[in-house]
>>> print(open('my_file_14.txt').read())   # compact mmCIF, N, CA and C atoms
# COMPACT_ATOMS: atom_id res chain seq x y z
N MET Y 172 0.85 -1.17 0.00
CA MET Y 172 0.00 0.00 0.00
C MET Y 172 0.90 1.24 0.00
N GLU Y 173 0.71 2.06 -0.98
CA GLU Y 173 1.50 3.29 -1.11
C GLU Y 173 1.01 4.36 -0.14
N TRP Y 174 1.91 5.23 0.25
CA TRP Y 174 1.55 6.38 1.08
C TRP Y 174 0.99 7.47 0.16
N SER Y 175 -0.08 8.09 0.58
CA SER Y 175 -0.68 9.16 -0.19
C SER Y 175 -0.85 10.37 0.73
N LEU Y 176 -0.03 11.39 0.50
CA LEU Y 176 -0.04 12.56 1.37
C LEU Y 176 -0.36 13.81 0.56
N SER Y 177 -1.11 14.71 1.18
CA SER Y 177 -1.48 15.95 0.52
C SER Y 177 -1.19 17.12 1.46
N ASP Y 178 -1.30 18.32 0.95
CA ASP Y 178 -0.99 19.52 1.73
C ASP Y 178 -2.21 20.09 2.46
N ASP Y 179 -3.36 19.46 2.32
CA ASP Y 179 -4.58 20.05 2.88
C ASP Y 179 -4.79 19.80 4.37
N ARG Y 180 -4.06 18.83 4.95
CA ARG Y 180 -4.20 18.51 6.37
C ARG Y 180 -2.83 18.16 6.94
N PRO Y 181 -2.67 18.21 8.25
CA PRO Y 181 -1.38 17.86 8.83
C PRO Y 181 -0.91 16.47 8.39
N ILE Y 182 0.36 16.37 8.06
CA ILE Y 182 0.92 15.11 7.57
C ILE Y 182 0.77 14.00 8.61
N TRP Y 183 1.04 14.31 9.88
CA TRP Y 183 0.96 13.26 10.90
C TRP Y 183 -0.44 12.68 11.01
N VAL Y 184 -1.47 13.50 10.78
CA VAL Y 184 -2.85 13.03 10.81
C VAL Y 184 -3.09 12.06 9.65
N GLN Y 185 -2.60 12.42 8.47
CA GLN Y 185 -2.75 11.55 7.30
C GLN Y 185 -2.00 10.24 7.49
N LEU Y 186 -0.81 10.31 8.07
CA LEU Y 186 -0.03 9.09 8.34
C LEU Y 186 -0.79 8.19 9.32
N CYS Y 187 -1.34 8.80 10.35
CA CYS Y 187 -2.09 8.04 11.34
C CYS Y 187 -3.29 7.35 10.69
N GLU Y 188 -4.01 8.07 9.86
CA GLU Y 188 -5.17 7.49 9.16
C GLU Y 188 -4.75 6.31 8.30
N GLN Y 189 -3.64 6.46 7.59
CA GLN Y 189 -3.20 5.40 6.70
C GLN Y 189 -2.67 4.19 7.47
N LEU Y 190 -1.99 4.43 8.59
CA LEU Y 190 -1.55 3.32 9.44
C LEU Y 190 -2.75 2.61 10.05
N ARG Y 191 -3.74 3.39 10.47
CA ARG Y 191 -4.97 2.82 11.02
C ARG Y 191 -5.64 1.92 9.99
N ARG Y 192 -5.71 2.39 8.74
CA ARG Y 192 -6.30 1.60 7.66
C ARG Y 192 -5.52 0.30 7.44
N ARG Y 193 -4.21 0.38 7.52
CA ARG Y 193 -3.37 -0.81 7.34
C ARG Y 193 -3.62 -1.83 8.45
N ILE Y 194 -3.88 -1.34 9.64
CA ILE Y 194 -4.14 -2.25 10.76
C ILE Y 194 -5.52 -2.88 10.63
N VAL Y 195 -6.55 -2.08 10.42
CA VAL Y 195 -7.91 -2.63 10.37
C VAL Y 195 -8.14 -3.51 9.15
N SER Y 196 -7.37 -3.29 8.09
CA SER Y 196 -7.52 -4.12 6.89
C SER Y 196 -6.74 -5.42 6.99
N GLY Y 197 -5.88 -5.53 8.02
CA GLY Y 197 -5.11 -6.75 8.20
C GLY Y 197 -3.73 -6.73 7.59
N LEU Y 198 -3.35 -5.63 6.94
CA LEU Y 198 -2.01 -5.54 6.38
C LEU Y 198 -0.97 -5.67 7.50
N TYR Y 199 -1.28 -5.07 8.65
CA TYR Y 199 -0.50 -5.27 9.87
C TYR Y 199 -1.42 -6.03 10.82
N PRO Y 200 -1.31 -7.35 10.87
CA PRO Y 200 -2.24 -8.16 11.67
C PRO Y 200 -2.08 -7.95 13.18
N PRO Y 201 -3.12 -8.29 13.94
CA PRO Y 201 -3.05 -8.17 15.39
C PRO Y 201 -1.85 -8.92 15.97
N GLY Y 202 -1.18 -8.26 16.91
CA GLY Y 202 -0.06 -8.89 17.60
C GLY Y 202 1.26 -8.86 16.88
N THR Y 203 1.31 -8.32 15.67
CA THR Y 203 2.58 -8.31 14.92
C THR Y 203 3.37 -7.05 15.21
N LYS Y 204 4.65 -7.15 14.97
CA LYS Y 204 5.55 -6.01 15.18
C LYS Y 204 5.40 -5.05 14.01
N LEU Y 205 5.26 -3.77 14.35
CA LEU Y 205 5.22 -2.73 13.32
C LEU Y 205 6.66 -2.41 12.90
N PRO Y 206 6.84 -1.97 11.66
CA PRO Y 206 8.17 -1.50 11.26
C PRO Y 206 8.61 -0.36 12.18
N SER Y 207 9.90 -0.14 12.26
CA SER Y 207 10.41 0.93 13.13
C SER Y 207 9.97 2.29 12.61
N VAL Y 208 10.07 3.27 13.50
CA VAL Y 208 9.73 4.65 13.13
C VAL Y 208 10.56 5.07 11.92
N ARG Y 209 11.85 4.79 11.95
CA ARG Y 209 12.74 5.19 10.86
C ARG Y 209 12.38 4.49 9.55
N GLU Y 210 12.05 3.21 9.63
CA GLU Y 210 11.65 2.48 8.42
C GLU Y 210 10.37 3.07 7.82
N LEU Y 211 9.38 3.28 8.67
CA LEU Y 211 8.11 3.84 8.19
C LEU Y 211 8.30 5.24 7.63
N ALA Y 212 9.11 6.05 8.34
CA ALA Y 212 9.35 7.43 7.88
C ALA Y 212 10.05 7.43 6.53
N ALA Y 213 11.05 6.58 6.37
CA ALA Y 213 11.78 6.52 5.10
C ALA Y 213 10.85 6.06 3.98
N ASP Y 214 10.01 5.07 4.28
CA ASP Y 214 9.08 4.55 3.28
C ASP Y 214 8.07 5.62 2.85
N ALA Y 215 7.61 6.41 3.81
CA ALA Y 215 6.61 7.46 3.52
C ALA Y 215 7.25 8.75 3.02
N GLY Y 216 8.57 8.88 3.19
CA GLY Y 216 9.26 10.10 2.77
C GLY Y 216 9.00 11.27 3.70
N VAL Y 217 8.90 10.99 5.01
CA VAL Y 217 8.64 12.04 5.98
C VAL Y 217 9.70 12.02 7.07
N ASN Y 218 9.70 13.07 7.87
CA ASN Y 218 10.61 13.17 9.00
C ASN Y 218 10.23 12.14 10.05
N PRO Y 219 11.21 11.46 10.68
CA PRO Y 219 10.89 10.48 11.72
C PRO Y 219 10.05 11.05 12.87
N ASN Y 220 10.26 12.32 13.21
CA ASN Y 220 9.46 12.94 14.28
C ASN Y 220 7.98 13.00 13.90
N THR Y 221 7.70 13.24 12.63
CA THR Y 221 6.32 13.28 12.16
C THR Y 221 5.70 11.89 12.26
N MET Y 222 6.45 10.87 11.86
CA MET Y 222 5.95 9.49 11.95
C MET Y 222 5.77 9.10 13.42
N GLN Y 223 6.69 9.52 14.27
CA GLN Y 223 6.57 9.22 15.70
C GLN Y 223 5.27 9.78 16.26
N ARG Y 224 4.92 10.97 15.85
CA ARG Y 224 3.67 11.60 16.33
C ARG Y 224 2.46 10.77 15.89
N ALA Y 225 2.48 10.27 14.66
CA ALA Y 225 1.37 9.43 14.17
C ALA Y 225 1.29 8.13 14.97
N LEU Y 226 2.43 7.52 15.24
CA LEU Y 226 2.44 6.26 15.98
C LEU Y 226 2.00 6.46 17.43
N THR Y 227 2.38 7.58 18.01
CA THR Y 227 1.93 7.90 19.37
C THR Y 227 0.42 8.01 19.41
N GLN Y 228 -0.17 8.60 18.37
CA GLN Y 228 -1.63 8.69 18.30
C GLN Y 228 -2.26 7.30 18.19
N LEU Y 229 -1.63 6.40 17.42
CA LEU Y 229 -2.15 5.04 17.31
C LEU Y 229 -2.14 4.35 18.67
N GLU Y 230 -1.12 4.62 19.48
CA GLU Y 230 -1.08 4.08 20.83
C GLU Y 230 -2.24 4.64 21.65
N SER Y 231 -2.48 5.93 21.53
CA SER Y 231 -3.60 6.56 22.25
C SER Y 231 -4.94 5.97 21.82
N ASP Y 232 -5.04 5.63 20.54
CA ASP Y 232 -6.27 5.03 20.00
C ASP Y 232 -6.44 3.57 20.42
N GLY Y 233 -5.38 2.98 20.97
CA GLY Y 233 -5.44 1.58 21.38
C GLY Y 233 -5.10 0.59 20.28
N LEU Y 234 -4.58 1.07 19.17
CA LEU Y 234 -4.24 0.17 18.06
C LEU Y 234 -2.80 -0.32 18.10
N ALA Y 235 -1.94 0.38 18.81
CA ALA Y 235 -0.54 0.00 18.91
C ALA Y 235 -0.11 0.01 20.37
N VAL Y 236 0.86 -0.83 20.65
CA VAL Y 236 1.37 -0.95 22.01
C VAL Y 236 2.89 -0.87 21.94
N ALA Y 237 3.48 0.02 22.75
CA ALA Y 237 4.94 0.14 22.78
C ALA Y 237 5.50 -0.91 23.72
N ASN Y 238 6.52 -1.61 23.25
CA ASN Y 238 7.20 -2.62 24.05
C ASN Y 238 8.68 -2.29 24.00
N ARG Y 239 9.28 -1.98 25.15
CA ARG Y 239 10.67 -1.52 25.19
C ARG Y 239 11.65 -2.48 24.53
N THR Y 240 11.41 -3.76 24.66
CA THR Y 240 12.36 -4.73 24.11
C THR Y 240 12.03 -5.18 22.69
N ALA Y 241 10.76 -5.19 22.35
CA ALA Y 241 10.36 -5.71 21.03
C ALA Y 241 9.94 -4.64 20.04
N GLY Y 242 9.90 -3.38 20.46
CA GLY Y 242 9.43 -2.33 19.57
C GLY Y 242 7.93 -2.17 19.68
N ARG Y 243 7.37 -1.49 18.73
CA ARG Y 243 5.93 -1.22 18.74
C ARG Y 243 5.20 -2.37 18.06
N MET Y 244 4.12 -2.80 18.70
CA MET Y 244 3.32 -3.91 18.19
C MET Y 244 1.90 -3.45 17.91
N VAL Y 245 1.25 -4.13 16.97
CA VAL Y 245 -0.18 -3.92 16.75
C VAL Y 245 -0.87 -4.60 17.93
N THR Y 246 -1.90 -3.96 18.47
CA THR Y 246 -2.62 -4.57 19.58
C THR Y 246 -3.14 -5.94 19.18
N ASP Y 247 -3.25 -6.82 20.16
CA ASP Y 247 -3.86 -8.12 19.87
C ASP Y 247 -5.33 -8.13 20.30
N ASP Y 248 -5.85 -6.95 20.65
CA ASP Y 248 -7.25 -6.78 21.02
C ASP Y 248 -8.10 -6.66 19.75
N ILE Y 249 -8.58 -7.79 19.30
CA ILE Y 249 -9.33 -7.85 18.04
C ILE Y 249 -10.63 -7.04 18.13
N ALA Y 250 -11.24 -7.01 19.32
CA ALA Y 250 -12.47 -6.24 19.49
C ALA Y 250 -12.20 -4.74 19.30
N ALA Y 251 -11.08 -4.26 19.79
CA ALA Y 251 -10.73 -2.84 19.61
C ALA Y 251 -10.50 -2.52 18.14
N ILE Y 252 -9.81 -3.41 17.46
CA ILE Y 252 -9.55 -3.22 16.03
C ILE Y 252 -10.87 -3.21 15.26
N GLU Y 253 -11.75 -4.14 15.59
CA GLU Y 253 -13.04 -4.23 14.89
C GLU Y 253 -13.90 -3.00 15.16
N ALA Y 254 -13.85 -2.47 16.38
CA ALA Y 254 -14.63 -1.28 16.71
C ALA Y 254 -14.16 -0.09 15.88
N ILE Y 255 -12.87 0.06 15.73
CA ILE Y 255 -12.33 1.17 14.93
C ILE Y 255 -12.63 0.93 13.45
N ARG Y 256 -12.53 -0.29 13.02
CA ARG Y 256 -12.85 -0.64 11.62
C ARG Y 256 -14.30 -0.28 11.30
N ARG Y 257 -15.19 -0.62 12.22
CA ARG Y 257 -16.61 -0.34 12.03
C ARG Y 257 -16.86 1.17 12.02
N ARG Y 258 -16.20 1.91 12.93
CA ARG Y 258 -16.35 3.36 12.97
C ARG Y 258 -15.89 3.98 11.65
N MET Y 259 -14.77 3.48 11.12
CA MET Y 259 -14.26 4.00 9.85
C MET Y 259 -15.24 3.73 8.71
N ALA Y 260 -15.83 2.53 8.71
CA ALA Y 260 -16.81 2.18 7.67
C ALA Y 260 -18.03 3.08 7.77
N ARG Y 261 -18.47 3.36 9.00
CA ARG Y 261 -19.64 4.25 9.17
C ARG Y 261 -19.34 5.65 8.66
N GLU Y 262 -18.12 6.13 8.87
CA GLU Y 262 -17.74 7.45 8.37
C GLU Y 262 -17.80 7.48 6.84
N ILE Y 263 -17.38 6.40 6.20
CA ILE Y 263 -17.44 6.31 4.73
C ILE Y 263 -18.90 6.31 4.27
N VAL Y 264 -19.74 5.55 4.95
CA VAL Y 264 -21.16 5.49 4.61
C VAL Y 264 -21.79 6.87 4.78
N ASP Y 265 -21.46 7.55 5.87
CA ASP Y 265 -22.01 8.90 6.10
C ASP Y 265 -21.60 9.85 4.98
N ARG Y 266 -20.33 9.77 4.55
CA ARG Y 266 -19.88 10.64 3.45
C ARG Y 266 -20.64 10.31 2.16
N PHE Y 267 -20.91 9.02 1.93
CA PHE Y 267 -21.68 8.62 0.75
C PHE Y 267 -23.08 9.23 0.79
N TYR Y 268 -23.76 9.06 1.93
CA TYR Y 268 -25.11 9.60 2.05
C TYR Y 268 -25.13 11.12 1.90
N THR Y 269 -24.13 11.78 2.43
CA THR Y 269 -24.05 13.24 2.29
C THR Y 269 -23.86 13.62 0.83
N ALA Y 270 -22.96 12.91 0.14
CA ALA Y 270 -22.68 13.24 -1.26
C ALA Y 270 -23.90 13.00 -2.15
N VAL Y 271 -24.58 11.88 -1.99
CA VAL Y 271 -25.76 11.64 -2.84
C VAL Y 271 -26.93 12.52 -2.40
N GLY Y 272 -26.95 12.90 -1.13
CA GLY Y 272 -27.96 13.84 -0.66
C GLY Y 272 -27.82 15.19 -1.35
N GLU Y 273 -26.57 15.59 -1.62
CA GLU Y 273 -26.33 16.84 -2.34
C GLU Y 273 -26.81 16.77 -3.78
N LEU Y 274 -27.00 15.54 -4.27
CA LEU Y 274 -27.56 15.35 -5.62
C LEU Y 274 -29.08 15.28 -5.59
N GLY Y 275 -29.65 15.37 -4.39
CA GLY Y 275 -31.10 15.36 -4.28
C GLY Y 275 -31.70 14.02 -3.91
N TYR Y 276 -30.87 13.04 -3.59
CA TYR Y 276 -31.38 11.73 -3.20
C TYR Y 276 -31.62 11.65 -1.71
N SER Y 277 -32.70 10.96 -1.33
CA SER Y 277 -32.94 10.70 0.09
C SER Y 277 -32.05 9.51 0.50
N ARG Y 278 -31.98 9.24 1.79
CA ARG Y 278 -31.20 8.09 2.27
C ARG Y 278 -31.79 6.79 1.70
N GLN Y 279 -33.11 6.73 1.60
CA GLN Y 279 -33.76 5.53 1.06
C GLN Y 279 -33.41 5.35 -0.41
N ASP Y 280 -33.43 6.47 -1.17
CA ASP Y 280 -33.06 6.41 -2.59
C ASP Y 280 -31.60 5.97 -2.74
N ALA Y 281 -30.74 6.50 -1.88
CA ALA Y 281 -29.32 6.16 -1.94
C ALA Y 281 -29.11 4.68 -1.64
N ALA Y 282 -29.84 4.17 -0.64
CA ALA Y 282 -29.74 2.75 -0.31
C ALA Y 282 -30.21 1.90 -1.49
N ALA Y 283 -31.26 2.36 -2.17
CA ALA Y 283 -31.76 1.63 -3.34
C ALA Y 283 -30.71 1.63 -4.45
N LEU Y 284 -30.00 2.74 -4.61
CA LEU Y 284 -28.91 2.80 -5.60
C LEU Y 284 -27.83 1.76 -5.29
N LEU Y 285 -27.51 1.62 -4.03
CA LEU Y 285 -26.52 0.62 -3.63
C LEU Y 285 -27.00 -0.79 -3.96
N LYS Y 286 -28.26 -1.04 -3.68
CA LYS Y 286 -28.84 -2.35 -3.99
C LYS Y 286 -28.76 -2.64 -5.49
N GLU Y 287 -29.09 -1.62 -6.30
CA GLU Y 287 -29.00 -1.77 -7.75
C GLU Y 287 -27.59 -2.14 -8.18
N GLU Y 288 -26.61 -1.52 -7.56
CA GLU Y 288 -25.20 -1.79 -7.90
C GLU Y 288 -24.84 -3.23 -7.60
N GLU Y 289 -25.40 -3.80 -6.53
CA GLU Y 289 -25.13 -5.19 -6.19
C GLU Y 289 -25.53 -6.11 -7.34
N TYR Y 290 -26.65 -5.79 -7.98
CA TYR Y 290 -27.16 -6.64 -9.05
C TYR Y 290 -26.40 -6.48 -10.35
N HIS Y 291 -25.70 -5.36 -10.52
CA HIS Y 291 -24.96 -5.11 -11.74
C HIS Y 291 -23.55 -5.71 -11.71
N GLU Y 292 -23.13 -6.18 -10.58
CA GLU Y 292 -21.77 -6.74 -10.48
C GLU Y 292 -21.69 -8.15 -10.96
>>> encode(input="my_file_14.txt", output="C-alpha cells")
Amino acid sequence: MEWSLSDDRPIWVQLCEQLRRRIVSGLYPPGTKLPSVRELAADAGVNPNTMQRALTQLESDGLAVANRTAGRMVTDDIAAIEAIRRRMAREIVDRFYTAVGELGYSRQDAAALLKEEEYHE
C-alpha cells in the first residue's frame, strides 16, 4: 500500500489514518511487530518525528502498544480493532449519504442505488 499525502491537512494526521487503515484491513495483523519509526518514515518520505507523532496517536487510540524490548506492536485486542474498523466504515457510509444527498437523493433512494449496484456486479 503506497503512502498518499497531501498539503490540505497535517501530515501526521494523514499518516495516522493510513496506518490505522493498514491495521484494520489486516495488512498489519493483530499482535505483529510494526516497522520501526525510521523504516516507516523513510518509506513514507517524511521526517521520523512526524511518523513518531502518528504512531503515538495510534497508541492513544489503542491500536498499537509500545514494548521496550520488542518495539511497537499492533494490539492483539481484536475487538478494539473491529470497533475502529466499524467506525471508519460508518464514516465512509455517512460521506456517501451526504454526497448523494447533495444530488437530491434521500437516504432511502441512496440505499436503493446501492442495492441496484449489487445486481450489476
>>> select_by_dssp(input="my_file_14.txt", residues="range 185-256 of chain Y", states="alpha helix (DSSP H)", output="PyMOL selection string")
chain Y and resi 185-195+208-215+219-232+249-256
>>> axis_aligned_box(input="my_file_14.txt", around="range 244-250 of chain Y", padding_each_side="8 Å", output="AutoDock Vina command-line options")
--center_x -4.2 --center_y -5.5 --center_z 18.9 --size_x 32.6 --size_y 21.3 --size_z 20.3
>>> residues_around(input="my_file_14.txt", residues="Asp247 in chain Y", least_positions_apart="6", cutoff="7 Å", atoms="all atoms listed in the file", output="NGL selection string")
:Y and (200-203 or 234)
>>> atom_distance(input="my_file_14.txt", atom1="atom N of Met244 in chain Y", atom2="CA of Leu205 in chain Y")
5.5 Å
>>> select_by_dssp(input="my_file_14.txt", residues="chain Y", states="strand (DSSP E or B)", output="CSV table (one decimal) with N, CA and C atoms, in the frame of the given file")
chain,number,residue,atom,x,y,z
Y,204,LYS,N,4.6,-7.2,15.0
Y,204,LYS,CA,5.6,-6.0,15.2
Y,204,LYS,C,5.4,-5.0,14.0
Y,235,ALA,N,-1.9,0.4,18.8
Y,235,ALA,CA,-0.5,0.0,18.9
Y,235,ALA,C,-0.1,0.0,20.4
Y,236,VAL,N,0.9,-0.8,20.6
Y,236,VAL,CA,1.4,-1.0,22.0
Y,236,VAL,C,2.9,-0.9,21.9
Y,237,ALA,N,3.5,0.0,22.8
Y,237,ALA,CA,4.9,0.1,22.8
Y,237,ALA,C,5.5,-0.9,23.7
Y,238,ASN,N,6.5,-1.6,23.2
Y,238,ASN,CA,7.2,-2.6,24.0
Y,238,ASN,C,8.7,-2.3,24.0
Y,242,GLY,N,9.9,-3.4,20.5
Y,242,GLY,CA,9.4,-2.3,19.6
Y,242,GLY,C,7.9,-2.2,19.7
Y,243,ARG,N,7.4,-1.5,18.7
Y,243,ARG,CA,5.9,-1.2,18.7
Y,243,ARG,C,5.2,-2.4,18.1
Y,244,MET,N,4.1,-2.8,18.7
Y,244,MET,CA,3.3,-3.9,18.2
Y,244,MET,C,1.9,-3.4,17.9
Y,245,VAL,N,1.2,-4.1,17.0
Y,245,VAL,CA,-0.2,-3.9,16.8
Y,245,VAL,C,-0.9,-4.6,17.9
>>> atom_distance(input="my_file_14.txt", atom1="CA of Gln228 in chain Y", atom2="CA of Cys187 in chain Y")
7.0 Å
>>> atom_distance(input="my_file_14.txt", atom1="atom C of Ala281 in chain Y", atom2="atom N of Thr269 in chain Y")
9.6 Å
>>> closest_residue(input="my_file_14.txt", among="Y:Ile249, Y:Ala254, Y:Leu176, Y:Ile263", to="Val217 in chain Y", atoms="only C-alpha atoms")
Y:Leu176
>>> residues_near_point(input="my_file_14.txt", point="(-32.0, 5.3, 2.9)", cutoff="12 Å", atoms="only C-alpha atoms", output="list in words")
Val264, Asp265, Phe267, Tyr268, Thr269, Val271, Gly272, Tyr276, Ser277, Arg278, Gln279, Asp280, Ala281, Ala282, Ala283, Leu284, Leu285 and Lys286 of chain Y
